[in-house]
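Have a look at query-v2.cif; it's mmCIF, C-alpha atoms:
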data_data
#
loop_
_atom_site.label_atom_id
_atom_site.label_comp_id
_atom_site.auth_asym_id
_atom_site.auth_seq_id
_atom_site.Cartn_x
_atom_site.Cartn_y
_atom_site.Cartn_z
CA MET A 1 -14.84 8.17 0.07
CA ARG A 2 -14.13 5.85 2.97
CA ARG A 3 -10.87 4.00 3.37
CA THR A 4 -10.50 0.46 4.59
CA PRO A 5 -10.72 0.35 8.42
CA LEU A 6 -7.41 0.32 10.28
CA ALA A 7 -7.88 -3.21 11.58
CA LEU A 8 -8.59 -4.53 8.09
CA ALA A 9 -5.70 -2.58 6.61
CA LEU A 10 -3.33 -4.06 9.15
CA THR A 11 -4.71 -7.53 8.33
CA LEU A 12 -3.86 -6.99 4.68
CA LEU A 13 -0.36 -5.92 5.62
CA LEU A 14 0.17 -8.99 7.78
CA ALA A 15 -1.28 -11.30 5.15
CA ALA A 16 1.59 -10.33 2.85
CA GLY A 17 4.23 -10.82 5.52
CA LEU A 18 3.75 -7.64 7.56
CA PRO A 19 4.65 -5.36 4.65
CA LEU A 20 5.31 -1.71 5.27
CA ALA A 21 7.44 0.29 2.88
CA CYS A 22 10.96 1.22 3.93
CA GLY A 23 10.65 4.24 6.17
CA GLY A 24 12.91 7.06 7.19
CA ASP A 25 14.25 8.22 10.52
CA GLU A 26 11.21 10.19 11.71
CA ASP A 27 10.57 10.17 15.43
CA GLU A 28 8.03 7.51 16.32
CA PRO A 29 6.16 6.93 19.60
CA PRO A 30 7.79 4.24 21.70
CA PRO A 31 6.46 0.75 20.90
CA PRO A 32 4.89 -1.47 23.55
CA VAL A 33 7.34 -3.20 25.83
CA LYS A 34 8.02 -6.64 24.40
CA PRO A 35 6.91 -9.32 26.87
CA LYS A 36 8.99 -12.28 27.81
CA LYS A 37 8.79 -15.09 25.32
CA THR A 38 6.50 -17.96 26.17
CA SER A 39 8.48 -20.42 24.06
CA SER A 40 12.08 -20.88 22.96
CA PRO A 41 13.10 -19.57 19.51
CA THR A 42 13.22 -23.13 18.17
CA ASP A 43 9.76 -24.13 19.37
CA PRO A 44 7.01 -23.73 16.73
CA PRO A 45 4.46 -21.11 17.81
CA GLU A 46 1.39 -22.67 19.40
CA THR A 47 -0.52 -19.49 20.19
CA LEU A 48 -0.92 -15.96 18.90
CA ASP A 49 1.33 -14.72 21.71
CA ASP A 50 4.03 -17.21 20.68
CA PHE A 51 3.79 -16.03 17.08
CA ALA A 52 3.87 -12.35 18.07
CA ASN A 53 7.02 -12.99 20.10
CA GLN A 54 8.81 -15.07 17.47
CA TYR A 55 7.89 -13.28 14.26
CA PRO A 56 9.86 -10.03 14.85
CA ALA A 57 13.18 -11.82 15.45
CA ALA A 58 12.66 -14.30 12.60
CA TYR A 59 11.66 -11.59 10.15
CA CYS A 60 14.23 -8.98 11.12
CA ALA A 61 17.18 -11.41 11.08
CA ALA A 62 16.55 -11.73 7.35
CA ALA A 63 15.31 -8.19 6.70
CA ALA A 64 17.88 -6.05 8.54
CA PRO A 65 20.75 -6.71 6.07
CA CYS A 66 18.37 -5.96 3.19
CA CYS A 67 17.36 -2.66 4.76
CA LYS A 68 21.01 -1.72 5.24
CA ALA A 69 21.79 -2.60 1.61
CA ALA A 70 18.88 -0.41 0.50
CA GLY A 71 20.30 2.54 2.45
CA LYS A 72 17.61 2.32 5.14
CA ASN A 73 17.74 1.65 8.86
CA GLY A 74 19.37 -1.78 9.15
CA ASP A 75 19.35 -2.02 12.94
CA GLN A 76 17.85 -5.41 13.80
CA GLU A 77 16.74 -4.41 17.31
CA ALA A 78 14.88 -1.37 15.95
CA CYS A 79 13.25 -3.60 13.34
CA GLU A 80 12.09 -6.07 15.98
CA LYS A 81 10.59 -3.33 18.16
CA ALA A 82 8.73 -1.75 15.25
CA THR A 83 7.45 -5.10 13.98
CA PHE A 84 6.27 -6.13 17.44
CA ALA A 85 4.47 -2.80 17.79
CA GLN A 86 2.54 -3.49 14.59
CA LEU A 87 1.54 -6.94 15.83
CA ALA A 88 0.42 -5.48 19.15
CA LEU A 89 -2.13 -3.32 17.33
CA ILE A 90 -4.09 -6.32 16.03
CA LYS A 91 -3.43 -9.03 18.61
CA SER A 92 -6.50 -8.28 20.70
CA SER A 93 -8.89 -8.82 17.77
CA GLY A 94 -6.82 -11.29 15.74
CA THR A 95 -7.35 -15.00 15.13
CA PHE A 96 -4.25 -17.18 14.83
CA ASP A 97 -3.87 -19.95 12.24
CA LYS A 98 -1.30 -22.23 13.90
CA ALA A 99 -0.34 -24.21 10.78
CA LYS A 100 0.28 -21.09 8.73
CA GLY A 101 2.04 -19.36 11.59
CA GLN A 102 4.43 -22.25 12.14
CA SER A 103 5.18 -22.48 8.41
CA CYS A 104 5.77 -18.74 8.31
CA ILE A 105 8.35 -18.83 11.12
CA THR A 106 10.11 -21.85 9.60
CA LYS A 107 10.43 -20.13 6.22
CA LEU A 108 11.69 -16.88 7.74
CA GLU A 109 14.31 -18.61 9.90
CA ALA A 110 15.57 -20.54 6.86
CA LEU A 111 15.77 -17.32 4.83
CA ALA A 112 18.25 -15.45 7.06
CA GLY A 113 21.60 -15.00 5.37
CA LYS A 114 20.46 -16.43 2.03
CA SER A 115 21.39 -14.65 -1.21
CA ASP A 116 17.76 -14.42 -2.30
CA ALA A 117 16.46 -13.14 1.04
CA CYS A 118 15.97 -9.54 -0.09
CA THR A 119 14.09 -10.47 -3.25
CA THR A 120 11.92 -12.94 -1.37
CA LEU A 121 11.04 -10.45 1.36
CA ASP A 122 10.38 -7.71 -1.16
CA ASN A 123 7.90 -9.96 -2.98
CA GLY A 124 6.27 -11.18 0.24
CA ILE A 125 6.22 -14.60 1.92
CA PRO A 126 3.26 -16.74 0.80
CA GLU A 127 3.70 -19.01 3.84
CA CYS A 128 2.82 -16.05 6.08
CA LEU A 129 -0.50 -15.50 4.30
CA GLY A 130 -3.32 -15.62 6.80
CA ALA A 131 -1.20 -16.32 9.90
CA ILE A 132 -3.34 -13.71 11.67
CA SER A 133 -6.78 -12.58 10.55
CA VAL A 134 -9.02 -9.93 12.05
CA SER A 135 -12.76 -10.30 12.05
CA PRO A 136 -14.35 -7.65 9.81
CA GLY A 137 -16.73 -5.09 11.17
CA PRO A 138 -20.42 -4.89 10.34
CA VAL A 139 -21.17 -5.84 6.74
CA GLY A 140 -22.51 -2.96 4.64
CA LYS A 141 -24.33 -2.92 1.34
CA ALA A 142 -22.89 -4.87 -1.57
CA PRO A 143 -21.41 -3.25 -4.69
CA GLY A 144 -24.17 -2.00 -6.97
CA GLU A 145 -26.77 -1.58 -4.21
CA PRO A 146 -28.39 1.85 -3.63
CA CYS A 147 -26.75 4.09 -1.02
CA SER A 148 -26.91 7.59 0.41
CA SER A 149 -23.28 7.80 1.60
CA SER A 150 -20.12 5.67 1.51
CA THR A 151 -20.71 4.63 5.12
CA ASP A 152 -23.66 2.56 3.87
CA CYS A 153 -21.34 0.36 1.80
CA GLY A 154 -19.35 -2.66 2.88
CA PRO A 155 -15.58 -2.22 2.42
CA PRO A 156 -13.63 -4.27 -0.16
CA SER A 157 -10.62 -6.39 0.86
CA GLN A 158 -8.49 -3.97 -1.15
CA GLY A 159 -8.96 -0.67 -2.95
CA GLU A 160 -11.54 1.98 -2.11
CA VAL A 161 -15.26 2.10 -1.42
CA ARG A 162 -17.58 4.97 -2.30
CA CYS A 163 -21.22 5.88 -2.84
CA GLU A 164 -21.15 7.26 -6.38
CA GLU A 165 -23.80 8.90 -8.57
CA VAL A 166 -23.46 7.17 -11.94
CA GLY A 167 -25.30 6.29 -15.14
CA PRO A 168 -27.21 8.19 -17.85
CA GLU A 169 -30.11 8.42 -15.40
CA PRO A 170 -27.97 9.10 -12.32
CA LYS A 171 -28.46 6.94 -9.26
CA ARG A 172 -26.25 6.55 -6.22
CA ILE A 173 -24.79 3.08 -5.79
CA CYS A 174 -22.04 1.45 -3.74
CA GLN A 175 -18.87 1.08 -5.78
CA HIS A 176 -15.64 -0.74 -5.05
CA VAL A 177 -12.64 0.82 -6.80
CA LEU A 178 -10.08 -1.98 -7.16
CA PRO A 179 -6.50 -1.98 -8.52
CA GLY A 180 -6.68 -2.71 -12.24
CA LYS A 181 -4.25 -4.86 -14.19
CA GLU A 182 -3.95 -4.73 -17.97
CA ASP A 183 -7.33 -5.23 -19.73
CA ALA A 184 -9.30 -4.55 -16.53
CA THR A 185 -12.58 -2.76 -17.30
CA PRO A 186 -14.39 -0.48 -16.67
CA CYS A 187 -11.65 1.80 -15.39
CA VAL A 188 -12.08 5.20 -13.77
CA GLY A 189 -8.50 6.39 -14.11
CA ASP A 190 -5.01 5.44 -13.04
CA ALA A 191 -2.37 6.33 -10.47
CA ARG A 192 -2.04 9.85 -11.90
CA GLN A 193 -5.53 10.99 -12.82
CA THR A 194 -9.24 10.22 -12.63
CA LEU A 195 -11.49 9.92 -15.66
CA VAL A 196 -14.88 9.73 -13.99
CA VAL A 197 -17.73 10.84 -16.26
CA ASN A 198 -20.76 9.93 -14.20
CA GLU A 199 -23.09 9.77 -17.21
CA ASP A 200 -20.96 7.06 -18.86
CA PRO A 201 -23.14 3.90 -18.75
CA LYS A 202 -19.99 1.74 -18.53
CA LEU A 203 -19.43 3.11 -15.02
CA ALA A 204 -22.92 2.34 -13.70
CA VAL A 205 -21.68 -0.89 -12.08
CA GLY A 206 -20.66 -1.94 -8.60
CA ILE A 207 -16.99 -2.72 -9.29
CA VAL A 208 -14.67 -0.43 -11.24
CA TYR A 209 -10.88 -0.25 -11.55
CA ARG A 210 -8.08 2.23 -11.10
CA CYS A 211 -5.27 1.10 -13.42
CA GLU A 212 -2.00 0.14 -11.72
CA GLU A 213 1.21 2.10 -12.25
CA GLY A 214 2.57 1.69 -15.76
CA LEU A 215 -0.95 1.43 -17.18
CA ARG A 216 -3.43 4.09 -18.26
CA CYS A 217 -7.20 4.15 -18.54
CA ASP A 218 -8.43 4.61 -22.10
CA ALA A 219 -11.16 7.24 -21.84
CA SER A 220 -13.18 5.74 -24.70
CA SER A 221 -13.08 2.00 -24.05
CA ARG A 222 -12.60 2.27 -20.27
CA VAL A 223 -9.96 -0.47 -20.47
CA CYS A 224 -6.58 -0.46 -18.67
CA ILE A 225 -3.90 -0.40 -21.36
CA PRO A 226 -0.09 -0.05 -21.26
CA GLY A 227 1.29 3.45 -20.93
CA VAL A 228 3.35 4.93 -23.74
CA ALA A 229 7.05 4.03 -23.42
CA ILE A 230 9.82 6.61 -23.14
CA GLY A 231 10.35 8.13 -26.57
CA GLY A 232 6.75 7.60 -27.68
CA SER A 233 4.23 10.31 -28.56
CA CYS A 234 1.92 11.71 -25.88
CA ILE A 235 -0.61 14.44 -25.24
CA ALA A 236 -0.40 14.48 -21.43
CA SER A 237 1.85 12.89 -18.80
CA PHE A 238 -0.78 10.33 -17.83
CA ASP A 239 -0.42 8.85 -21.32
CA CYS A 240 3.12 7.76 -20.44
CA THR A 241 4.28 4.68 -18.57
CA LYS A 242 5.46 4.74 -14.94
CA ASP A 243 8.34 7.11 -14.17
CA ALA A 244 7.89 9.07 -17.41
CA TYR A 245 6.20 12.37 -18.24
CA CYS A 246 5.10 14.16 -21.40
CA ALA A 247 7.56 16.84 -22.54
CA GLN A 248 6.80 18.60 -25.83
CA GLY A 249 4.75 15.68 -27.09
CA THR A 250 7.26 12.95 -26.16
CA CYS A 251 7.32 10.63 -23.13
CA THR A 252 10.50 11.46 -21.24
CA ALA A 253 12.21 9.78 -18.26
CA ALA A 254 10.94 11.21 -14.97
CA LEU A 255 13.27 13.09 -12.64
CA SER A 256 14.84 11.67 -9.48
CA GLU A 257 14.60 13.19 -5.99
CA GLY A 258 16.56 16.42 -5.75
CA ALA A 259 16.31 17.25 -9.44
CA SER A 260 14.93 20.64 -10.53
CA CYS A 261 11.27 20.55 -11.56
CA SER A 262 8.28 22.75 -12.27
CA ASP A 263 5.44 20.21 -12.05
CA ASP A 264 4.63 17.06 -10.05
CA ASP A 265 4.31 14.99 -13.23
CA GLN A 266 8.00 15.52 -13.96
CA CYS A 267 9.06 13.60 -10.83
CA LYS A 268 9.25 9.82 -10.42
CA SER A 269 6.39 7.92 -8.84
CA ARG A 270 5.91 8.44 -5.08
CA SER A 271 7.51 11.88 -5.38
CA PHE A 272 6.35 15.43 -6.17
CA CYS A 273 7.70 18.87 -7.12
CA SER A 274 8.26 20.77 -3.88
CA SER A 275 7.95 24.50 -3.19
CA LYS A 276 11.72 24.65 -3.75
CA ASN A 277 11.17 23.36 -7.31
CA GLN A 278 12.91 20.08 -6.50
CA CYS A 279 11.53 16.54 -6.70
CA ALA A 280 10.86 15.28 -3.16
CA ALA A 281 9.50 12.01 -1.76
CA TYR A 282 5.98 11.64 -0.39
CA LEU A 283 5.74 10.48 3.22
CA ASN A 284 4.62 6.90 3.83
CA PRO A 285 1.45 6.12 5.81
CA GLY A 286 2.31 6.25 9.50
CA ALA A 287 5.20 8.69 9.05
CA ALA A 288 5.40 11.91 11.04
CA CYS A 289 4.04 14.92 9.14
CA SER A 290 3.28 18.61 9.65
CA ASP A 291 1.47 21.60 8.16
CA ASP A 292 4.48 22.32 5.96
CA PRO A 293 3.24 22.31 2.32
CA ASP A 294 6.14 20.04 1.44
CA SER A 295 5.11 17.52 4.10
CA ARG A 296 2.88 15.47 1.81
CA CYS A 297 1.43 12.06 2.62
CA PHE A 298 1.20 9.30 0.02
CA GLY A 299 -2.39 8.14 -0.40
CA GLY A 300 -3.65 9.97 2.68
CA VAL A 301 -3.62 13.15 4.76
CA CYS A 302 -1.74 14.46 7.77
CA LEU A 303 -3.89 13.76 10.84
CA ASN A 304 -2.65 14.38 14.39
CA GLY A 305 0.93 14.53 13.15
CA LYS A 306 0.77 11.20 11.30
CA CYS A 307 0.12 10.31 7.67
CA THR A 308 -3.08 8.35 7.15
CA GLY A 309 -3.59 6.05 4.20
CA GLU A 310 -2.91 2.49 3.15
CA GLU A 311 0.49 1.17 2.26
CA PRO A 312 0.84 0.37 -1.43
CA ASN A 313 2.02 -3.04 -2.53
CA ALA A 314 5.05 -1.83 -4.47
CA THR A 315 7.34 -3.38 -1.90
CA GLN A 316 6.89 -5.76 1.03
CA LEU A 317 10.23 -5.06 2.73
CA PHE A 318 9.76 -3.43 6.12
CA CYS A 319 12.48 -1.18 7.56
CA PRO A 320 11.90 0.87 10.75
#
As structure tokens - that is how I would like this structure written.
Amino acid sequence: MRRTPLALALTLLLAAGLPLACGGDEDEPPPPVKPKKTSSPTDPPETLDDFANQYPAAYCAAAAPCCKAAGKNGDQEACEKATFAQLALIKSSGTFDKAKGQSCITKLEALAGKSDACTTLDNGIPECLGAISVSPGPVGKAPGEPCSSSTDCGPPSQGEVRCEEVGPEPKRICQHVLPGKEDATPCVGDARQTLVVNEDPKLAVGIVYRCEEGLRCDASSRVCIPGVAIGGSCIASFDCTKDAYCAQGTCTAALSEGASCSDDDQCKSRSFCSSKNQCAAYLNPGAACSDDPDSRCFGGVCLNGKCTGEEPNATQLFCP
């Protein structure tokens, strides 16, 4: 299974207002040295360089207090350096939309100090959508077309791409696995488990869905349906809604970080049961990691001391 290329992943992050989930205090490589600004803070950005210079200060002035309130790193200078480093990764191949970029900066500057700043940032800034775009790589085969490996298939704008053997008379086709909202079909599973039965004719299509958190994939209808609420009957933990697990046939509230556990399903989303039998948080993509069995990456693997993977959309607030 091939993940979305780094450049495209970074484009998706920027399109939502440079979202990266609140991170910890892991040691990070030093970011590029921030160049001198080519325009004053009050001048609307005319070029990609202008935008790259103005965005970190505009964003972090509003975001830093929110990070501090959330118990994360609220240092504005650290936020600016980290944000600028992310922009530097895509500047060389990015295309700047001046109108969107100027609107983005205006909205961010007006947001600083406002009571709704944290909620707005957490949901993402629509005015920042498309301020920078990165040209996609070579186009691969479309969903549903024959393939021999996932590298033959063109990547989706979100989700996963794979070359899957499906159908009652199995054939390998390109499939896009997209996030599934309620009633999405056909689904292949949810955030907790996968229900792929390759012979199922419902799955012999180019686009399938993985149900979003709080939903489950009905194995019979292949439709994303709501998970069972706390207190409801269940057979397995994946029957239950987000942050709940199945205990003796009843959906029960999941455990917080630090609580004693015996199984990953008992812990809240984005956490697992560590070797110390305590719920612990997964590491975010980009975080420092190691060979320690309790150094687990969310949605990726530890490669060269860093977690791979794509950042989920649960939150858009970025803290260094």
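On the file presented, the PyMOL selection byres ((chain A and resi 238-248) around 6) picks out Glu213, Gly214, Gly227, Val228, Ala229, Cys234, Ala236, Ser237, Gly249, Thr250, Cys251, Thr252, Ala253, Ala254, Asp265, Gln266, Lys268 and Ser269 of chain A.
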Would you save the residues from that selection as a short mmCIF file (atom, residue, chain, number, x, y, z; two decimals), in the frame of the given file, using C-alpha atoms?
data_model
loop_
_atom_site.label_atom_id
_atom_site.label_comp_id
_atom_site.auth_asym_id
_atom_site.auth_seq_id
_atom_site.Cartn_x
_atom_site.Cartn_y
_atom_site.Cartn_z
CA GLU A 213 1.21 2.10 -12.25
CA GLY A 214 2.57 1.69 -15.76
CA GLY A 227 1.29 3.45 -20.93
CA VAL A 228 3.35 4.93 -23.74
CA ALA A 229 7.05 4.03 -23.42
CA CYS A 234 1.92 11.71 -25.88
CA ALA A 236 -0.40 14.48 -21.43
CA SER A 237 1.85 12.89 -18.80
CA GLY A 249 4.75 15.68 -27.09
CA THR A 250 7.26 12.95 -26.16
CA CYS A 251 7.32 10.63 -23.13
CA THR A 252 10.50 11.46 -21.24
CA ALA A 253 12.21 9.78 -18.26
CA ALA A 254 10.94 11.21 -14.97
CA ASP A 265 4.31 14.99 -13.23
CA GLN A 266 8.00 15.52 -13.96
CA LYS A 268 9.25 9.82 -10.42
CA SER A 269 6.39 7.92 -8.84
#
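The shortest atom-to-atom distance to Asp190 in chain A, with only C-alpha atoms taken into account, belongs to A:Asp218 out of A:Asp218, A:Ala99, A:Glu165, A:Leu203.
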Point-to-point distance in Å for CA of Ser115 in chain A and CA of Ala281 in chain A: 29.2 Å
Residue neighbourhood Ser271 in chain A, 8 Å, only C-alpha atoms, exclusion window fewer than 3 positions, as an MDAnalysis selection string: chainID A and resid 257 264 267:268 279:282
Test item: the PyMOL selection byres ((chain A and resi 195-198) around 10) resolved as a ChimeraX atom specification: /A:164-171,187-190,193-194,199-204,210,217-219,222
Incomplete range 266-298 of chain A brought to N, CA and C atoms, written out as a PDB file, keeping the file's coordinate frame:
ATOM      1  N   GLN A 266       6.621  15.687 -13.517  1.00  0.00           N
ATOM      2  CA  GLN A 266       8.000  15.520 -13.960  1.00  0.00           C
ATOM      3  C   GLN A 266       8.801  14.591 -13.041  1.00  0.00           C
ATOM      4  N   CYS A 267       8.316  14.376 -11.832  1.00  0.00           N
ATOM      5  CA  CYS A 267       9.060  13.600 -10.830  1.00  0.00           C
ATOM      6  C   CYS A 267       8.642  12.120 -10.878  1.00  0.00           C
ATOM      7  N   LYS A 268       9.527  11.252 -10.441  1.00  0.00           N
ATOM      8  CA  LYS A 268       9.250   9.820 -10.420  1.00  0.00           C
ATOM      9  C   LYS A 268       8.075   9.512  -9.508  1.00  0.00           C
ATOM     10  N   SER A 269       7.520   8.322  -9.662  1.00  0.00           N
ATOM     11  CA  SER A 269       6.390   7.920  -8.840  1.00  0.00           C
ATOM     12  C   SER A 269       6.751   7.986  -7.363  1.00  0.00           C
ATOM     13  N   ARG A 270       5.755   8.278  -6.537  1.00  0.00           N
ATOM     14  CA  ARG A 270       5.910   8.440  -5.080  1.00  0.00           C
ATOM     15  C   ARG A 270       6.736   9.667  -4.735  1.00  0.00           C
ATOM     16  N   SER A 271       6.843  10.616  -5.658  1.00  0.00           N
ATOM     17  CA  SER A 271       7.510  11.880  -5.380  1.00  0.00           C
ATOM     18  C   SER A 271       6.769  13.016  -6.062  1.00  0.00           C
ATOM     19  N   PHE A 272       7.064  14.263  -5.674  1.00  0.00           N
ATOM     20  CA  PHE A 272       6.350  15.430  -6.170  1.00  0.00           C
ATOM     21  C   PHE A 272       7.331  16.592  -6.323  1.00  0.00           C
ATOM     22  N   CYS A 273       6.871  17.681  -6.958  1.00  0.00           N
ATOM     23  CA  CYS A 273       7.700  18.870  -7.120  1.00  0.00           C
ATOM     24  C   CYS A 273       7.437  19.810  -5.947  1.00  0.00           C
ATOM     25  N   SER A 274       8.423  20.005  -5.120  1.00  0.00           N
ATOM     26  CA  SER A 274       8.260  20.770  -3.880  1.00  0.00           C
ATOM     27  C   SER A 274       8.224  22.272  -4.148  1.00  0.00           C
ATOM     28  N   SER A 275       7.972  23.041  -3.090  1.00  0.00           N
ATOM     29  CA  SER A 275       7.950  24.500  -3.190  1.00  0.00           C
ATOM     30  C   SER A 275       9.325  25.063  -3.545  1.00  0.00           C
ATOM     31  N   LYS A 276      10.360  24.243  -3.380  1.00  0.00           N
ATOM     32  CA  LYS A 276      11.720  24.650  -3.750  1.00  0.00           C
ATOM     33  C   LYS A 276      12.046  24.255  -5.192  1.00  0.00           C
ATOM     34  N   ASN A 277      11.007  23.799  -5.913  1.00  0.00           N
ATOM     35  CA  ASN A 277      11.170  23.360  -7.310  1.00  0.00           C
ATOM     36  C   ASN A 277      12.192  22.234  -7.428  1.00  0.00           C
ATOM     37  N   GLN A 278      12.089  21.290  -6.466  1.00  0.00           N
ATOM     38  CA  GLN A 278      12.910  20.080  -6.500  1.00  0.00           C
ATOM     39  C   GLN A 278      12.010  18.874  -6.255  1.00  0.00           C
ATOM     40  N   CYS A 279      12.300  17.759  -6.935  1.00  0.00           N
ATOM     41  CA  CYS A 279      11.530  16.540  -6.700  1.00  0.00           C
ATOM     42  C   CYS A 279      11.810  16.024  -5.289  1.00  0.00           C
ATOM     43  N   ALA A 280      10.744  15.748  -4.538  1.00  0.00           N
ATOM     44  CA  ALA A 280      10.860  15.280  -3.160  1.00  0.00           C
ATOM     45  C   ALA A 280       9.930  14.096  -2.952  1.00  0.00           C
ATOM     46  N   ALA A 281      10.271  13.231  -1.995  1.00  0.00           N
ATOM     47  CA  ALA A 281       9.500  12.010  -1.760  1.00  0.00           C
ATOM     48  C   ALA A 281       8.259  12.301  -0.908  1.00  0.00           C
ATOM     49  N   TYR A 282       7.152  11.627  -1.253  1.00  0.00           N
ATOM     50  CA  TYR A 282       5.980  11.640  -0.390  1.00  0.00           C
ATOM     51  C   TYR A 282       6.306  10.876   0.896  1.00  0.00           C
ATOM     52  N   LEU A 283       5.592  11.197   1.963  1.00  0.00           N
ATOM     53  CA  LEU A 283       5.740  10.480   3.220  1.00  0.00           C
ATOM     54  C   LEU A 283       4.861   9.238   3.203  1.00  0.00           C
ATOM     55  N   ASN A 284       5.373   8.145   3.765  1.00  0.00           N
ATOM     56  CA  ASN A 284       4.620   6.900   3.830  1.00  0.00           C
ATOM     57  C   ASN A 284       3.520   6.971   4.891  1.00  0.00           C
ATOM     58  N   PRO A 285       2.454   6.199   4.743  1.00  0.00           N
ATOM     59  CA  PRO A 285       1.450   6.120   5.810  1.00  0.00           C
ATOM     60  C   PRO A 285       2.096   5.751   7.139  1.00  0.00           C
ATOM     61  N   GLY A 286       1.738   6.483   8.180  1.00  0.00           N
ATOM     62  CA  GLY A 286       2.310   6.250   9.500  1.00  0.00           C
ATOM     63  C   GLY A 286       3.476   7.145   9.826  1.00  0.00           C
ATOM     64  N   ALA A 287       4.049   7.812   8.818  1.00  0.00           N
ATOM     65  CA  ALA A 287       5.200   8.690   9.050  1.00  0.00           C
ATOM     66  C   ALA A 287       4.759   9.986   9.708  1.00  0.00           C
ATOM     67  N   ALA A 288       5.682  10.610  10.428  1.00  0.00           N
ATOM     68  CA  ALA A 288       5.400  11.910  11.040  1.00  0.00           C
ATOM     69  C   ALA A 288       5.258  12.965   9.953  1.00  0.00           C
ATOM     70  N   CYS A 289       4.294  13.885  10.128  1.00  0.00           N
ATOM     71  CA  CYS A 289       4.040  14.920   9.140  1.00  0.00           C
ATOM     72  C   CYS A 289       3.689  16.229   9.842  1.00  0.00           C
ATOM     73  N   SER A 290       3.563  17.294   9.069  1.00  0.00           N
ATOM     74  CA  SER A 290       3.280  18.610   9.650  1.00  0.00           C
ATOM     75  C   SER A 290       2.457  19.427   8.672  1.00  0.00           C
ATOM     76  N   ASP A 291       2.223  20.699   9.018  1.00  0.00           N
ATOM     77  CA  ASP A 291       1.470  21.600   8.160  1.00  0.00           C
ATOM     78  C   ASP A 291       2.319  22.179   7.039  1.00  0.00           C
ATOM     79  N   ASP A 292       3.599  21.866   7.026  1.00  0.00           N
ATOM     80  CA  ASP A 292       4.480  22.320   5.960  1.00  0.00           C
ATOM     81  C   ASP A 292       3.920  21.842   4.606  1.00  0.00           C
ATOM     82  N   PRO A 293       3.786  22.733   3.616  1.00  0.00           N
ATOM     83  CA  PRO A 293       3.240  22.310   2.320  1.00  0.00           C
ATOM     84  C   PRO A 293       4.047  21.225   1.630  1.00  0.00           C
ATOM     85  N   ASP A 294       5.306  21.086   2.015  1.00  0.00           N
ATOM     86  CA  ASP A 294       6.140  20.040   1.440  1.00  0.00           C
ATOM     87  C   ASP A 294       6.120  18.751   2.258  1.00  0.00           C
ATOM     88  N   SER A 295       5.287  18.736   3.309  1.00  0.00           N
ATOM     89  CA  SER A 295       5.110  17.520   4.100  1.00  0.00           C
ATOM     90  C   SER A 295       3.850  16.827   3.571  1.00  0.00           C
ATOM     91  N   ARG A 296       4.017  16.075   2.503  1.00  0.00           N
ATOM     92  CA  ARG A 296       2.880  15.470   1.810  1.00  0.00           C
ATOM     93  C   ARG A 296       2.826  13.963   2.047  1.00  0.00           C
ATOM     94  N   CYS A 297       1.629  13.478   2.340  1.00  0.00           N
ATOM     95  CA  CYS A 297       1.430  12.060   2.620  1.00  0.00           C
ATOM     96  C   CYS A 297       1.027  11.310   1.343  1.00  0.00           C
ATOM     97  N   PHE A 298       1.545  10.116   1.185  1.00  0.00           N
ATOM     98  CA  PHE A 298       1.200   9.300   0.020  1.00  0.00           C
ATOM     99  C   PHE A 298      -0.102   8.561   0.279  1.00  0.00           C
TER     100      PHE A 298
END
